[in-house]
Amino acid sequence: MIVVGIRFIEAGKIYFFTSNNLDLHLKQKVVVESEDGLEVGEVVVLKVDGEDLKCESGLKEITRIANDNDLQKHKNNLIDAKEAKEICQQRADFYKLNMKIVKSEYTLDRVKLTFYFTAANRVDFRELVKDLAARFKSRIELRQIGVRDHAKLLKHYGSCGQECCCSRHLTNFTPLSIKFAKDQNISLDPNKISGTCGRLMCCLGFEEDCYEQIKKIMPKCGSEIMTEEGIATVIRNDFVKEECLVRIKNDEGQLIEKTLSLSEIRGN
């Protein structure tokens, strides 16, 4: 059995389906039946070992390779979904619901229309759902998302000048801690370490493992180490350059500061 990985949105989660004996290649558009209905996805992983998934018996088959008609329907659905998003926001405002509609999407067969929204609190949108169902003649689902998911959908740009990692390549959000910024000697100013979503920047977690490893090797600030010139006190560590700034008392009794590399320290 050949298993392939399908992605429905850029940098989205990968879902696995059996190939149904179709001749597939990377970036090929296919039609699959998801939990929401028929959808167009893109092949991003070829020939996965089904035994490693531990759920191969429950995998669905790819329905077919997307044809021109499927792709045109998908394109039209994207256009109609944008219009539906504006209408949904207008109706939400009409019902005085404190919610912001972020995105909407149709299934390929238009059986289901999903709206993604953000809100500070829980929202009773039962009347809104009835209104939308009557208007669009589709099954309506409203999904509340967090600020990080919001940024991912809207594809903001970060302070680095590049598209945010969440919308460019991250498929899952990992827990972040202010400890990461402390470990990396980064300013704790919220304006400098927060992403467009207002949460800690995802990139803080990319190198944290490296910092944790080097911290185990580097001497702690305030500790004393032996150097060629005598005992020195560690003042500051530069984990990127793997250097220590130390203070040493010379033969004349004066305190001098000197930068030592990790190799020099470990050599002693």
# chains A, B, ... in the order shown; residues from 1 in each chain; ligands from 1
call {"tool": "residues_around", "arguments": {"residues": "segment 109-121 of chain A", "least_positions_apart": "6", "cutoff": "12 Å", "atoms": "only C-alpha atoms", "output": "ChimeraX atom specification"}}
result
/A:31-40,69-71,73-74,76-78,80-89,92,97-103,128-129,132-133,135-151,153-154,197
call {"tool": "residues_around", "arguments": {"residues": "Ile9 of chain A", "least_positions_apart": "2", "cutoff": "9 Å", "atoms": "only C-alpha atoms", "output": "ChimeraX atom specification"}}
result
/A:7,11-13,41-42
call {"tool": "select_by_dssp", "arguments": {"residues": "segment 88-247 of chain A", "states": "strand (DSSP E or B)", "output": "ChimeraX atom specification"}}
result
/A:100-106,112-118,139-144,157,163,194,200,224-227,230-238,243-247
call {"tool": "write_last_selection", "arguments": {"atoms": "N, CA and C atoms", "output": "tab-separated table (two decimals), in the first residue's frame"}}
result
chain	number	residue	atom	x	y	z
A	100	LYS	N	-14.51	38.89	14.92
A	100	LYS	CA	-13.90	39.32	13.66
A	100	LYS	C	-13.74	38.10	12.77
A	101	ILE	N	-14.38	38.14	11.61
A	101	ILE	CA	-14.27	37.02	10.66
A	101	ILE	C	-12.94	37.15	9.93
A	102	VAL	N	-12.12	36.13	10.04
A	102	VAL	CA	-10.77	36.15	9.48
A	102	VAL	C	-10.71	35.52	8.10
A	103	LYS	N	-11.38	34.40	7.94
A	103	LYS	CA	-11.30	33.68	6.67
A	103	LYS	C	-12.51	32.78	6.53
A	104	SER	N	-12.85	32.45	5.30
A	104	SER	CA	-13.93	31.49	5.06
A	104	SER	C	-13.49	30.57	3.93
A	105	GLU	N	-14.03	29.37	3.91
A	105	GLU	CA	-13.66	28.43	2.85
A	105	GLU	C	-14.79	27.45	2.60
A	106	TYR	N	-15.00	27.14	1.32
A	106	TYR	CA	-15.98	26.15	0.88
A	106	TYR	C	-15.28	24.81	0.68
A	112	LYS	N	-20.32	22.34	2.54
A	112	LYS	CA	-20.01	22.98	3.81
A	112	LYS	C	-19.26	24.28	3.58
A	113	LEU	N	-19.59	25.27	4.40
A	113	LEU	CA	-18.92	26.57	4.38
A	113	LEU	C	-18.44	26.87	5.80
A	114	THR	N	-17.15	27.02	5.93
A	114	THR	CA	-16.55	27.23	7.25
A	114	THR	C	-16.04	28.65	7.39
A	115	PHE	N	-16.34	29.27	8.52
A	115	PHE	CA	-15.85	30.61	8.82
A	115	PHE	C	-14.92	30.54	10.03
A	116	TYR	N	-13.76	31.18	9.92
A	116	TYR	CA	-12.81	31.26	11.03
A	116	TYR	C	-12.88	32.66	11.61
A	117	PHE	N	-12.96	32.73	12.94
A	117	PHE	CA	-13.10	34.06	13.55
A	117	PHE	C	-12.30	34.15	14.85
A	118	THR	N	-12.02	35.38	15.24
A	118	THR	CA	-11.39	35.64	16.53
A	118	THR	C	-12.37	36.43	17.38
A	139	ARG	N	-24.07	23.80	4.71
A	139	ARG	CA	-23.86	23.55	6.14
A	139	ARG	C	-22.82	24.53	6.65
A	140	ILE	N	-23.14	25.23	7.71
A	140	ILE	CA	-22.28	26.30	8.22
A	140	ILE	C	-21.56	25.86	9.48
A	141	GLU	N	-20.26	26.17	9.54
A	141	GLU	CA	-19.50	25.94	10.76
A	141	GLU	C	-18.68	27.19	11.05
A	142	LEU	N	-18.73	27.64	12.30
A	142	LEU	CA	-17.91	28.76	12.74
A	142	LEU	C	-16.86	28.24	13.71
A	143	ARG	N	-15.59	28.51	13.43
A	143	ARG	CA	-14.49	28.04	14.27
A	143	ARG	C	-13.73	29.23	14.85
A	144	GLN	N	-13.69	29.26	16.17
A	144	GLN	CA	-12.93	30.32	16.83
A	144	GLN	C	-11.46	29.93	16.88
A	157	TYR	N	3.95	39.92	8.00
A	157	TYR	CA	5.41	39.96	7.89
A	157	TYR	C	6.00	40.32	9.24
A	163	GLU	N	8.09	36.94	5.50
A	163	GLU	CA	6.77	36.45	5.90
A	163	GLU	C	6.91	35.63	7.17
A	194	SER	N	8.18	40.15	20.53
A	194	SER	CA	6.81	39.70	20.21
A	194	SER	C	6.59	39.75	18.70
A	200	LEU	N	5.10	35.71	21.91
A	200	LEU	CA	6.54	35.59	21.69
A	200	LEU	C	6.82	35.07	20.29
A	224	GLU	N	34.31	31.34	39.36
A	224	GLU	CA	35.74	31.55	39.19
A	224	GLU	C	36.33	30.42	38.37
A	225	ILE	N	37.21	30.77	37.44
A	225	ILE	CA	37.86	29.79	36.60
A	225	ILE	C	39.37	30.03	36.61
A	226	MET	N	40.10	29.03	36.29
A	226	MET	CA	41.55	29.14	36.25
A	226	MET	C	42.00	29.48	34.82
A	227	THR	N	42.82	30.50	34.70
A	227	THR	CA	43.38	30.89	33.41
A	227	THR	C	44.90	30.87	33.51
A	230	GLY	N	46.04	33.30	36.04
A	230	GLY	CA	45.55	33.14	37.40
A	230	GLY	C	44.06	32.94	37.45
A	231	ILE	N	43.52	33.08	38.66
A	231	ILE	CA	42.08	32.89	38.85
A	231	ILE	C	41.32	34.10	38.31
A	232	ALA	N	40.25	33.84	37.54
A	232	ALA	CA	39.45	34.92	36.95
A	232	ALA	C	37.98	34.70	37.30
A	233	THR	N	37.26	35.81	37.37
A	233	THR	CA	35.82	35.77	37.64
A	233	THR	C	35.05	36.03	36.34
A	234	VAL	N	34.09	35.18	36.05
A	234	VAL	CA	33.30	35.33	34.83
A	234	VAL	C	32.29	36.46	34.99
A	235	ILE	N	32.33	37.41	34.06
A	235	ILE	CA	31.43	38.57	34.12
A	235	ILE	C	30.24	38.39	33.19
A	236	ARG	N	30.54	37.93	31.98
A	236	ARG	CA	29.47	37.80	30.97
A	236	ARG	C	29.83	36.70	29.98
A	237	ASN	N	28.79	36.01	29.48
A	237	ASN	CA	28.98	34.97	28.48
A	237	ASN	C	28.37	35.39	27.15
A	238	ASP	N	29.06	35.08	26.08
A	238	ASP	CA	28.53	35.26	24.73
A	238	ASP	C	28.35	33.87	24.15
A	243	GLU	N	32.30	32.68	23.91
A	243	GLU	CA	33.36	33.43	24.59
A	243	GLU	C	32.88	33.90	25.96
A	244	CYS	N	33.84	34.11	26.87
A	244	CYS	CA	33.55	34.63	28.20
A	244	CYS	C	34.33	35.92	28.43
A	245	LEU	N	33.67	36.88	29.02
A	245	LEU	CA	34.37	38.08	29.48
A	245	LEU	C	34.69	37.85	30.95
A	246	VAL	N	35.97	37.89	31.29
A	246	VAL	CA	36.38	37.61	32.66
A	246	VAL	C	37.16	38.78	33.24
A	247	ARG	N	37.22	38.82	34.56
A	247	ARG	CA	37.98	39.86	35.26
A	247	ARG	C	39.11	39.17	36.03
call {"tool": "residues_around", "arguments": {"residues": "Cys203 of chain A", "least_positions_apart": "3", "cutoff": "8 Å", "atoms": "only C-alpha atoms", "output": "PyMOL selection string"}}
result
chain A and resi 165+206-207
call {"tool": "atom_distance", "arguments": {"atom1": "atom CA of Lys192 of chain A", "atom2": "atom CA of His156 of chain A"}}
result
16.2 Å
call {"tool": "select_by_dssp", "arguments": {"residues": "segment 8-255 of chain A", "states": "helix (DSSP H, G or I)", "output": "ChimeraX atom specification"}}
result
/A:50-53,56-58,68-94,126-136,147-154,165-168,178-183,190-193,202-205,208-217
call {"tool": "atom_distance", "arguments": {"atom1": "atom CA of Cys221 of chain A", "atom2": "atom CA of Gly205 of chain A"}}
result
23.2 Å
call {"tool": "decode", "arguments": {"residues": "segment 222-256 of chain A", "atoms": "N, CA and C atoms", "output": "compact mmCIF listing (two decimals), in the first residue's frame"}}
result
# COMPACT_ATOMS: atom_id res chain seq x y z
N GLY A 222 29.76 34.93 37.47
CA GLY A 222 30.08 35.02 38.90
C GLY A 222 30.97 33.90 39.38
N SER A 223 31.11 32.85 38.57
CA SER A 223 31.97 31.74 38.98
C SER A 223 33.43 32.07 38.72
N GLU A 224 34.31 31.34 39.36
CA GLU A 224 35.74 31.55 39.19
C GLU A 224 36.33 30.42 38.37
N ILE A 225 37.21 30.77 37.44
CA ILE A 225 37.86 29.79 36.60
C ILE A 225 39.37 30.03 36.61
N MET A 226 40.10 29.03 36.29
CA MET A 226 41.55 29.14 36.25
C MET A 226 42.00 29.48 34.82
N THR A 227 42.82 30.50 34.70
CA THR A 227 43.38 30.89 33.41
C THR A 227 44.90 30.87 33.51
N GLU A 228 45.56 31.13 32.39
CA GLU A 228 47.02 31.16 32.38
C GLU A 228 47.57 32.28 33.25
N GLU A 229 46.74 33.30 33.46
CA GLU A 229 47.17 34.46 34.25
C GLU A 229 46.67 34.39 35.69
N GLY A 230 46.04 33.30 36.04
CA GLY A 230 45.55 33.14 37.40
C GLY A 230 44.06 32.94 37.45
N ILE A 231 43.52 33.08 38.66
CA ILE A 231 42.08 32.89 38.85
C ILE A 231 41.32 34.10 38.31
N ALA A 232 40.25 33.84 37.54
CA ALA A 232 39.45 34.92 36.95
C ALA A 232 37.98 34.70 37.30
N THR A 233 37.26 35.81 37.37
CA THR A 233 35.82 35.77 37.64
C THR A 233 35.05 36.03 36.34
N VAL A 234 34.09 35.18 36.05
CA VAL A 234 33.30 35.33 34.83
C VAL A 234 32.29 36.46 34.99
N ILE A 235 32.33 37.41 34.06
CA ILE A 235 31.43 38.57 34.12
C ILE A 235 30.24 38.39 33.19
N ARG A 236 30.54 37.93 31.98
CA ARG A 236 29.47 37.80 30.97
C ARG A 236 29.83 36.70 29.98
N ASN A 237 28.79 36.01 29.48
CA ASN A 237 28.98 34.97 28.48
C ASN A 237 28.37 35.39 27.15
N ASP A 238 29.06 35.08 26.08
CA ASP A 238 28.53 35.26 24.73
C ASP A 238 28.35 33.87 24.15
N PHE A 239 27.10 33.36 24.20
CA PHE A 239 26.86 31.98 23.80
C PHE A 239 27.01 31.78 22.29
N VAL A 240 26.78 32.84 21.51
CA VAL A 240 26.91 32.72 20.06
C VAL A 240 28.38 32.57 19.65
N LYS A 241 29.23 33.42 20.21
CA LYS A 241 30.65 33.36 19.89
C LYS A 241 31.40 32.34 20.74
N GLU A 242 30.70 31.81 21.75
CA GLU A 242 31.31 30.86 22.68
C GLU A 242 32.53 31.48 23.35
N GLU A 243 32.30 32.68 23.91
CA GLU A 243 33.36 33.43 24.59
C GLU A 243 32.88 33.90 25.96
N CYS A 244 33.84 34.11 26.87
CA CYS A 244 33.55 34.63 28.20
C CYS A 244 34.33 35.92 28.43
N LEU A 245 33.67 36.88 29.02
CA LEU A 245 34.37 38.08 29.48
C LEU A 245 34.69 37.85 30.95
N VAL A 246 35.97 37.89 31.29
CA VAL A 246 36.38 37.61 32.66
C VAL A 246 37.16 38.78 33.24
N ARG A 247 37.22 38.82 34.56
CA ARG A 247 37.98 39.86 35.26
C ARG A 247 39.11 39.17 36.03
N ILE A 248 40.36 39.64 35.79
CA ILE A 248 41.54 39.04 36.40
C ILE A 248 42.33 40.10 37.14
N LYS A 249 42.90 39.73 38.26
CA LYS A 249 43.78 40.65 39.00
C LYS A 249 45.22 40.38 38.54
N ASN A 250 45.86 41.43 37.99
CA ASN A 250 47.23 41.24 37.49
C ASN A 250 48.24 41.28 38.63
N ASP A 251 49.51 41.19 38.27
CA ASP A 251 50.58 41.15 39.28
C ASP A 251 50.66 42.42 40.10
N GLU A 252 50.17 43.52 39.53
CA GLU A 252 50.20 44.80 40.23
C GLU A 252 48.96 45.02 41.09
N GLY A 253 48.10 44.03 41.11
CA GLY A 253 46.88 44.13 41.92
C GLY A 253 45.74 44.84 41.23
N GLN A 254 45.91 45.17 39.95
CA GLN A 254 44.85 45.86 39.21
C GLN A 254 43.92 44.83 38.55
N LEU A 255 42.63 45.18 38.50
CA LEU A 255 41.65 44.31 37.85
C LEU A 255 41.57 44.64 36.37
N ILE A 256 41.76 43.65 35.55
CA ILE A 256 41.66 43.83 34.11
C ILE A 256 40.61 42.87 33.56
